[in-house]
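Only one structure is covered here, and it is reproduced in the block below.
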Amino acid sequence: ISRTSIEVTTLIQKVTQALKSSGIPIDGFYTEEVREGGRRTGFDVVTLSGKRGPLSRVSSDSSTSRREYRVGQYVVDLVSFEQLVLPMLRNVNHGSNAEKKICVIDEIGKMELFSQAFIQAVRQTLTGSETVVLGTIPIPKGKPLDLVEEIRSRKDVKVFNVSKENRNSILQDILAAVESCRK
């Protein structure tokens, strides 16, 4: 799914609920805006099992230390992100289930791609035959992100472009695509 904004996360949550309620094994994470006093102050990673931790926060400090990963005004908390996401991805890859599991990855974007271990885990998950990945990638703008372009050009990937106009009607198409991948 190619994302334009935070609305895509809402769509992912709807898809996740629908899949869960039909008893399909599912795990993964989504990113959620953190707001204080009406202003966005960062993003959290929320796993489908209910764990939550910071992905990024607005930095008041304009000087960057060498160990800091930044996207615009946000400083990425790589340690927090990796602690939440990597065990879940490894677990998804090593499940010995008769039926295909769904793995939600929202999103594969600039902040997340600072993590080399995440890149490796995503590649492994995409290669694994027992997992269907429901992921979000940013719409192309600026410098291409290697992993995003690699995913976009894979033969076994179906990309949905989500817009304001189609975000409510596209749900059934995504569910149908996920279902057909599990067969």
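In the structure tokens, the first chain shown is A, the next is B, and so on; residue numbers restart at 1 for each chain, and ligands run from 1 in the order shown.
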
Task: Test item: residues at most 10 Å from Glu179 of chain A, only C-alpha atoms, excluding those fewer than 4 positions along its chain, as a VMD selection string - done: chain A and resid 19 24 100 102 132 173 to 175 183

Task: Non-local contacts of Gly72 of chain A (12 Å; only C-alpha atoms; under 4 positions in same chain excluded) as a list of chain:residue names - done: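 Listed by chain and then number, they are A:Gly42, A:Ser56, A:Arg57, A:Val58, A:Ser59, A:Ser60, A:Ser62, A:Thr64, A:Val76, A:Lys110, A:Met111.
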
Could you turn the residues from that selection into a file that holds all heavy atoms, as a PDB file, in the first residue's frame?
```
ATOM      1  N   GLY A  42       5.499  13.724  17.566  1.00  0.00           N
ATOM      2  CA  GLY A  42       6.268  12.556  17.160  1.00  0.00           C
ATOM      3  C   GLY A  42       5.389  11.415  16.714  1.00  0.00           C
ATOM      4  O   GLY A  42       4.208  11.598  16.417  1.00  0.00           O
ATOM      5  N   SER A  56       9.782   8.309  17.086  1.00  0.00           N
ATOM      6  CA  SER A  56      10.476   9.588  16.934  1.00  0.00           C
ATOM      7  C   SER A  56       9.779  10.671  17.750  1.00  0.00           C
ATOM      8  O   SER A  56       8.598  10.549  18.085  1.00  0.00           O
ATOM      9  CB  SER A  56      10.499  10.000  15.457  1.00  0.00           C
ATOM     10  OG  SER A  56       9.181  10.264  15.022  1.00  0.00           O
ATOM     11  N   ARG A  57      10.540  11.704  18.038  1.00  0.00           N
ATOM     12  CA  ARG A  57      10.007  12.870  18.741  1.00  0.00           C
ATOM     13  C   ARG A  57      10.614  14.124  18.140  1.00  0.00           C
ATOM     14  O   ARG A  57      11.744  14.096  17.628  1.00  0.00           O
ATOM     15  CB  ARG A  57      10.363  12.831  20.248  1.00  0.00           C
ATOM     16  CG  ARG A  57       9.664  11.743  21.047  1.00  0.00           C
ATOM     17  CD  ARG A  57       8.154  11.937  21.101  1.00  0.00           C
ATOM     18  NE  ARG A  57       7.454  10.925  21.865  1.00  0.00           N
ATOM     19  CZ  ARG A  57       6.888   9.832  21.354  1.00  0.00           C
ATOM     20  NH1 ARG A  57       6.969   9.590  20.071  1.00  0.00           N
ATOM     21  NH2 ARG A  57       6.257   8.978  22.127  1.00  0.00           N
ATOM     22  N   VAL A  58       9.870  15.214  18.245  1.00  0.00           N
ATOM     23  CA  VAL A  58      10.386  16.509  17.806  1.00  0.00           C
ATOM     24  C   VAL A  58      11.586  16.848  18.677  1.00  0.00           C
ATOM     25  O   VAL A  58      11.547  16.661  19.890  1.00  0.00           O
ATOM     26  CB  VAL A  58       9.303  17.611  17.947  1.00  0.00           C
ATOM     27  CG1 VAL A  58       9.905  18.993  17.737  1.00  0.00           C
ATOM     28  CG2 VAL A  58       8.174  17.368  16.961  1.00  0.00           C
ATOM     29  N   SER A  59      12.636  17.334  18.051  1.00  0.00           N
ATOM     30  CA  SER A  59      13.814  17.736  18.804  1.00  0.00           C
ATOM     31  C   SER A  59      13.863  19.246  18.884  1.00  0.00           C
ATOM     32  O   SER A  59      13.746  19.931  17.879  1.00  0.00           O
ATOM     33  CB  SER A  59      15.076  17.217  18.130  1.00  0.00           C
ATOM     34  OG  SER A  59      16.215  17.787  18.735  1.00  0.00           O
ATOM     35  N   SER A  60      14.044  19.761  20.104  1.00  0.00           N
ATOM     36  CA  SER A  60      14.151  21.213  20.273  1.00  0.00           C
ATOM     37  C   SER A  60      15.576  21.663  19.971  1.00  0.00           C
ATOM     38  O   SER A  60      15.848  22.827  19.747  1.00  0.00           O
ATOM     39  CB  SER A  60      13.780  21.588  21.707  1.00  0.00           C
ATOM     40  OG  SER A  60      14.505  20.770  22.605  1.00  0.00           O
ATOM     41  N   SER A  62      18.732  21.942  17.664  1.00  0.00           N
ATOM     42  CA  SER A  62      19.018  21.933  16.225  1.00  0.00           C
ATOM     43  C   SER A  62      20.390  21.337  15.904  1.00  0.00           C
ATOM     44  O   SER A  62      20.662  20.968  14.779  1.00  0.00           O
ATOM     45  CB  SER A  62      18.920  23.343  15.652  1.00  0.00           C
ATOM     46  OG  SER A  62      19.797  24.187  16.350  1.00  0.00           O
ATOM     47  N   THR A  64      22.996  18.444  15.756  1.00  0.00           N
ATOM     48  CA  THR A  64      22.863  16.985  15.737  1.00  0.00           C
ATOM     49  C   THR A  64      24.132  16.340  16.267  1.00  0.00           C
ATOM     50  O   THR A  64      25.229  16.703  15.865  1.00  0.00           O
ATOM     51  CB  THR A  64      22.601  16.463  14.309  1.00  0.00           C
ATOM     52  OG1 THR A  64      23.535  17.091  13.437  1.00  0.00           O
ATOM     53  CG2 THR A  64      21.196  16.744  13.853  1.00  0.00           C
ATOM     54  N   VAL A  76      14.857  10.112  15.511  1.00  0.00           N
ATOM     55  CA  VAL A  76      14.385   8.734  15.536  1.00  0.00           C
ATOM     56  C   VAL A  76      15.026   7.977  16.691  1.00  0.00           C
ATOM     57  O   VAL A  76      16.237   8.027  16.875  1.00  0.00           O
ATOM     58  CB  VAL A  76      14.700   8.032  14.187  1.00  0.00           C
ATOM     59  CG1 VAL A  76      14.222   6.593  14.202  1.00  0.00           C
ATOM     60  CG2 VAL A  76      14.073   8.806  13.034  1.00  0.00           C
ATOM     61  N   LYS A 110      11.275   6.355   5.711  1.00  0.00           N
ATOM     62  CA  LYS A 110      12.577   6.954   6.031  1.00  0.00           C
ATOM     63  C   LYS A 110      13.041   6.677   7.461  1.00  0.00           C
ATOM     64  O   LYS A 110      14.179   6.300   7.686  1.00  0.00           O
ATOM     65  CB  LYS A 110      12.510   8.466   5.827  1.00  0.00           C
ATOM     66  CG  LYS A 110      13.212   8.941   4.608  1.00  0.00           C
ATOM     67  CD  LYS A 110      13.239  10.468   4.593  1.00  0.00           C
ATOM     68  CE  LYS A 110      13.647  10.934   3.208  1.00  0.00           C
ATOM     69  NZ  LYS A 110      13.205  12.267   2.904  1.00  0.00           N
ATOM     70  N   MET A 111      12.147   6.897   8.433  1.00  0.00           N
ATOM     71  CA  MET A 111      12.545   6.732   9.835  1.00  0.00           C
ATOM     72  C   MET A 111      12.947   5.289  10.126  1.00  0.00           C
ATOM     73  O   MET A 111      13.970   5.027  10.745  1.00  0.00           O
ATOM     74  CB  MET A 111      11.417   7.162  10.779  1.00  0.00           C
ATOM     75  CG  MET A 111      11.170   8.655  10.761  1.00  0.00           C
ATOM     76  SD  MET A 111       9.893   9.104  11.960  1.00  0.00           S
ATOM     77  CE  MET A 111       9.685  10.830  11.564  1.00  0.00           C
TER      78      MET A 111
END
```

Task: Polymer residues at most 9 Å from Arg167 of chain A, only C-alpha atoms, same-chain spacing of 5 or more positions, as number ranges by chain - done: A: 7-8, 11, 162

Task: Nearest to Leu89 of chain A, chosen from A:Gly109, A:Gly23, A:Gly37, A:Gly28, with only C-alpha atoms counted in the distances - done: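 The shortest atom-to-atom distance to Leu89 of chain A comes from A:Gly28.
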
TODO: Identify, on the basis of only C-alpha atoms, every residue whose closest approach to Glu130 of chain A does not exceed 12 Å; exclude the query and any residue fewer than 5 positions from it along the same chain; express the result as a VMD selection string.
DONE: chain A and resid 25 to 26 91 to 103 124 to 125 181 to 183

Task: Residues flagged strand (DSSP E or B) by DSSP in segment 21-66 of chain A, as an NGL selection string - done: :A and (26-36 or 39-47 or 52-58)

TODO: Have a look at A:Val15, A:Met88, A:Val71, A:Val79 and name the one nearest to Val46 of chain A; count only C-alpha atoms.
DONE: A:Met88

- [ ] Could you pull out the residues in chain A that DSSP calls helix (DSSP H, G or I) from the backbone, as a VMD selection string?
- [x] chain A and resid 7 to 21 78 to 93 112 to 114 116 to 127 146 to 152 171 to 182

- [ ] Would you work out the distance separating atom CA of Ile151 of chain A from atom CA of Ser21 of chain A, expressed in Å to one decimal?
- [x]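 Value for the atom CA of Ile151 of chain A-atom CA of Ser21 of chain A distance: 28.1 Å.
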